[in-house]
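K.L.:
Sharing a structure, written as structure tokens. Questions coming.
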Amino acid sequence: MHSLMQVDPRRPFPRQFVPEGATMGDWAQIEPLFRQLQDRSINSVEELEQWLVDCSELSAAIAEERTRRYIAMTVQTDDPVREAAYQEFIEQIDPKTKPCWHALEVAYLKSPHRKLLRIDRYGVLDRIIENNVSLYREDNIPLETADALLMKDYQKLSGAMTVVHRGEEITLQQAAKFLEEPDRSLRQQVWELVTSRRLRDKESLEDLYDKMVALRTQIARNAGFENYRDYIFKRRRRFDYTPEDCLEFHAGVERAAVPLVREILQERRRKLGVETLRPWDTLVDPQQRPPLRPFASIENLVMGIEEIFRRVDPALGDQFRFMWEEKLLDLDSRKGKAPGGYQSTLHERRWPFIFANAVGRDDDVRTMLHEGGHAFHQLAAREQPLIHYRNAPIEFAEVASMGMELLAAPHLDVFYKNPEDYKRSYRTTLEDAVTILPWVATIDAFQHWVYTHPAHTRAQRREAWGQVFSRFSTVVDWRGYEEALAYAWHRQLHLFLSPFYYIEYGIAETGALQIWTRSRTNHREAVERYWQALWLGGSRPLPRLFEAAGARFRFDYDTVAPLMDAVAEELGRIGD
Ligand SMILES: [Zn+2]
């Protein structure tokens, strides 16, 4: 048993191999370290293990430099010096390290001592390295760069989208807030503004996507795969599930989750008292109450979140407090800060960092609980000697965060003293956990089609999207907005920026809901197991990580259906 008390977030990990004081922003100081690792002669399995630890130390030192520059840039985007420092790292350091790591990985595979490593400890690492080397193609480096440049174009196009509302130019993120307003005609007006703004760039986005699909297909073929789907399954290290498992997930969601989402939305429609639910009716409170306002200042937010974590387990409260004391939280929304939120890791210190743009919304609370789950994961795994094992695969990393949202939900009364408000926030947490599933299935099924039909025309793609969308669609009435519906996928940035990255959220949600179901009968035990699984970091294959957390690594109908029943039951119990 690994008690939560065993993590000491302040225990330092001094450099053993990288010289103290060496700067990881300077290639002249990094290169000799790669050379030393490359030239070292390894004469025993113990020496190979030490070599792996040293490689890991170098990797962490370089990664920490990148993260520091990234954080510095995102907390103040209007400082050109910070932007240049990050850009320089991406252009000057990152690409130079790639062939060096490849050479080290090849050296590892050739080492005669490799087969003597303990499989229980090194099995996962060995599989990762073997996979990296098998996919490495010199020819693909320029194609990957070209893809990255197209991604920048997507970000530029969508970042430049604004609308003018009541004489004021606002970003689409700012516009989204109006969809929570009780005034229905205002919601419709803003929704139409945003939709027509997006449609103005539809040809450019179609162009971009055509180019991306062609490039990615070429990358796959260069690596010896028939299509990009099969390639990316390996690239994303999906060792423990197949495309067929994803199809089973789609079928399970269609049968078990879509009916519940329909019920939730029908209920919403009745409460709103409207004939049909239109696309601008999904985010407003169904009883048309004004948006929840859980906190008035960042100090309120931090104190409340700490209290919630402390109630889940006192050690988690302490860990969160530690992050606040060490300035590992940058949460307020201010001019010049990048949008959105993320959790990132300072790999050398082995410390998490949380970035957010909290403005006092209910959603901000959920975001903090989510990112807090990621942060605890990093702290739990900090004693793992290999950097590979200090990060879990995304399918499980999101169990840590989505699971924490659900484990913490019973304690939302810290922010909501009024039981009505508490119920409202708790309901939203549960409803979000369900409504996400059909959308995950939609995006995933669409990508399966796109990359297994790489020669498709735009008309065929439009047709395929329409079919996928209606398969998982619920009760929202899009009549009169057929054009907007046909291109609704343009706003899902993952399709452009992280192809095939989306099913992870669905897989993780089934894990998180299993943990939550367990917590309903025995909260203490569920938290203990959750923590033990986090402690493993990425050192075990996915099914073992799920198992450690008390969940099955399955996401078919038989897994999804009972989870939907449990949520439906709880929603009924809470009432409104
Ligand atoms: Zn997350």
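Chain identifiers are assigned as A, B, and so on, following the order in which chains appear in the structure tokens; residues are numbered from 1 within each chain, and ligands are numbered from 1 in order of appearance.
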Which residues form the shell of 8 Å around ligand 1 when you count only C-alpha atoms and all ligand atoms, given as number ranges by chain?
P.N.:
A: 342-343, 370-371, 374, 397-398, 401-402
K.L.:
What does the file look like for those residues with all heavy atoms, as a tab-separated table (two decimals), in the first residue's frame?
P.N.:
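Final output, again28.tsv:
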chain	number	residue	atom	x	y	z
A	342	TYR	N	-4.09	24.72	-18.75
A	342	TYR	CA	-3.32	23.48	-18.93
A	342	TYR	C	-2.60	23.13	-17.64
A	342	TYR	O	-2.44	23.97	-16.75
A	342	TYR	CB	-2.31	23.62	-20.08
A	342	TYR	CG	-1.23	24.67	-19.88
A	342	TYR	CD1	-0.11	24.41	-19.08
A	342	TYR	CD2	-1.30	25.92	-20.48
A	342	TYR	CE1	0.89	25.36	-18.88
A	342	TYR	CE2	-0.32	26.88	-20.30
A	342	TYR	CZ	0.78	26.59	-19.50
A	342	TYR	OH	1.76	27.53	-19.30
A	343	GLN	N	-2.17	21.88	-17.57
A	343	GLN	CA	-1.28	21.47	-16.50
A	343	GLN	C	0.00	21.06	-17.19
A	343	GLN	O	-0.04	20.35	-18.19
A	343	GLN	CB	-1.89	20.30	-15.71
A	343	GLN	CG	-1.09	19.88	-14.49
A	343	GLN	CD	0.00	18.89	-14.81
A	343	GLN	OE1	-0.16	18.01	-15.64
A	343	GLN	NE2	1.14	19.04	-14.17
A	370	HIS	N	-10.10	19.28	-12.32
A	370	HIS	CA	-9.53	18.47	-13.41
A	370	HIS	C	-8.00	18.60	-13.44
A	370	HIS	O	-7.28	17.61	-13.37
A	370	HIS	CB	-10.15	18.93	-14.73
A	370	HIS	CG	-9.66	18.20	-15.94
A	370	HIS	ND1	-10.38	17.19	-16.53
A	370	HIS	CD2	-8.52	18.30	-16.66
A	370	HIS	CE1	-9.71	16.71	-17.56
A	370	HIS	NE2	-8.57	17.38	-17.67
A	371	GLU	N	-7.53	19.84	-13.53
A	371	GLU	CA	-6.08	20.06	-13.62
A	371	GLU	C	-5.39	19.62	-12.33
A	371	GLU	O	-4.25	19.16	-12.34
A	371	GLU	CB	-5.75	21.52	-13.93
A	371	GLU	CG	-6.39	22.09	-15.20
A	371	GLU	CD	-6.08	21.33	-16.48
A	371	GLU	OE1	-5.13	20.51	-16.49
A	371	GLU	OE2	-6.80	21.53	-17.49
A	374	HIS	N	-4.53	16.05	-12.63
A	374	HIS	CA	-3.28	15.88	-13.39
A	374	HIS	C	-2.06	16.18	-12.51
A	374	HIS	O	-1.05	15.48	-12.57
A	374	HIS	CB	-3.26	16.82	-14.59
A	374	HIS	CG	-4.13	16.39	-15.73
A	374	HIS	ND1	-4.10	15.12	-16.26
A	374	HIS	CD2	-5.04	17.07	-16.48
A	374	HIS	CE1	-4.97	15.05	-17.27
A	374	HIS	NE2	-5.55	16.21	-17.42
A	397	ALA	N	-4.00	9.16	-18.05
A	397	ALA	CA	-3.78	10.49	-17.46
A	397	ALA	C	-5.12	11.21	-17.29
A	397	ALA	O	-5.36	11.89	-16.29
A	397	ALA	CB	-2.84	11.31	-18.32
A	398	GLU	N	-6.01	11.04	-18.27
A	398	GLU	CA	-7.32	11.70	-18.17
A	398	GLU	C	-8.25	11.00	-17.17
A	398	GLU	O	-9.24	11.59	-16.75
A	398	GLU	CB	-7.97	11.83	-19.55
A	398	GLU	CG	-7.25	12.80	-20.49
A	398	GLU	CD	-7.22	14.25	-20.00
A	398	GLU	OE1	-8.13	14.65	-19.26
A	398	GLU	OE2	-6.27	14.97	-20.34
A	401	SER	N	-7.61	13.00	-14.07
A	401	SER	CA	-8.25	14.32	-14.00
A	401	SER	C	-9.77	14.22	-14.02
A	401	SER	O	-10.45	14.83	-13.19
A	401	SER	CB	-7.76	15.18	-15.16
A	401	SER	OG	-7.94	14.50	-16.39
A	402	MET	N	-10.33	13.42	-14.94
A	402	MET	CA	-11.79	13.28	-14.99
A	402	MET	C	-12.29	12.56	-13.74
A	402	MET	O	-13.36	12.87	-13.22
A	402	MET	CB	-12.19	12.51	-16.25
A	402	MET	CG	-11.92	13.29	-17.53
A	402	MET	SD	-12.11	12.20	-18.99
A	402	MET	CE	-12.73	13.36	-20.19
K.L.:
Considering only C-alpha atoms, tabulate each residue of stretch 151-244 of chain A that lies at most 10 Å from stretch 483-490 of chain A along with its nearest interatomic pair and the corresponding distance in Å to one decimal; arrange the rows by chain and ascending residue number and present them as a Markdown table.
P.N.:
| residue | atom | partner | partner_atom | distance |
| --- | --- | --- | --- | --- |
| A:Tyr154 | CA | A:His490 | CA | 9.8 |
| A:Ser158 | CA | A:His490 | CA | 9.6 |
| A:Glu192 | CA | A:Ala484 | CA | 9.5 |
| A:Thr195 | CA | A:Ala484 | CA | 6.5 |
| A:Ser196 | CA | A:Ala484 | CA | 7.8 |
| A:Arg198 | CA | A:His490 | CA | 8.2 |
| A:Leu199 | CA | A:Ala484 | CA | 7.0 |
| A:Asp201 | CA | A:His490 | CA | 9.6 |
| A:Lys202 | CA | A:Tyr487 | CA | 7.4 |
| A:Leu205 | CA | A:His490 | CA | 7.0 |
| A:Glu206 | CA | A:His490 | CA | 8.3 |
| A:Tyr209 | CA | A:His490 | CA | 9.2 |
K.L.:
Could you give me, as an MDAnalysis selection string, the residues within 7 Å of stretch 411-418 of chain A, counting only C-alpha atoms and dropping anything in the same chain fewer than 5 positions from it?
P.N.:
chainID A and resid 294 304 308
K.L.:
Running DSSP on the backbone, which parts of stretch 325-508 of chain A land in strand (DSSP E), as a list in words?
P.N.:
Leu329, Asp330, Leu331, Asp332, Tyr342, Gln343, Ser344, Thr345, Leu346, Trp351, Pro352, Phe353, Ile354, Phe355, Ala356, Asn357 and Ala358 of chain A
K.L.:
Taking only C-alpha atoms into account, which of A:Ile387, A:Leu265, A:Leu125, A:Ala146 comes nearest A:Pro279?
P.N.:
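Result for the nearest residue to A:Pro279: A:Leu265.
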K.L.:
Choose the residue, out of A:Arg334, A:Arg471, A:Arg270, A:Arg461, that has the smallest atom-to-atom separation from A:Asp78; count only C-alpha atoms.
P.N.:
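The answer is A:Arg334, which sits nearest to A:Asp78.
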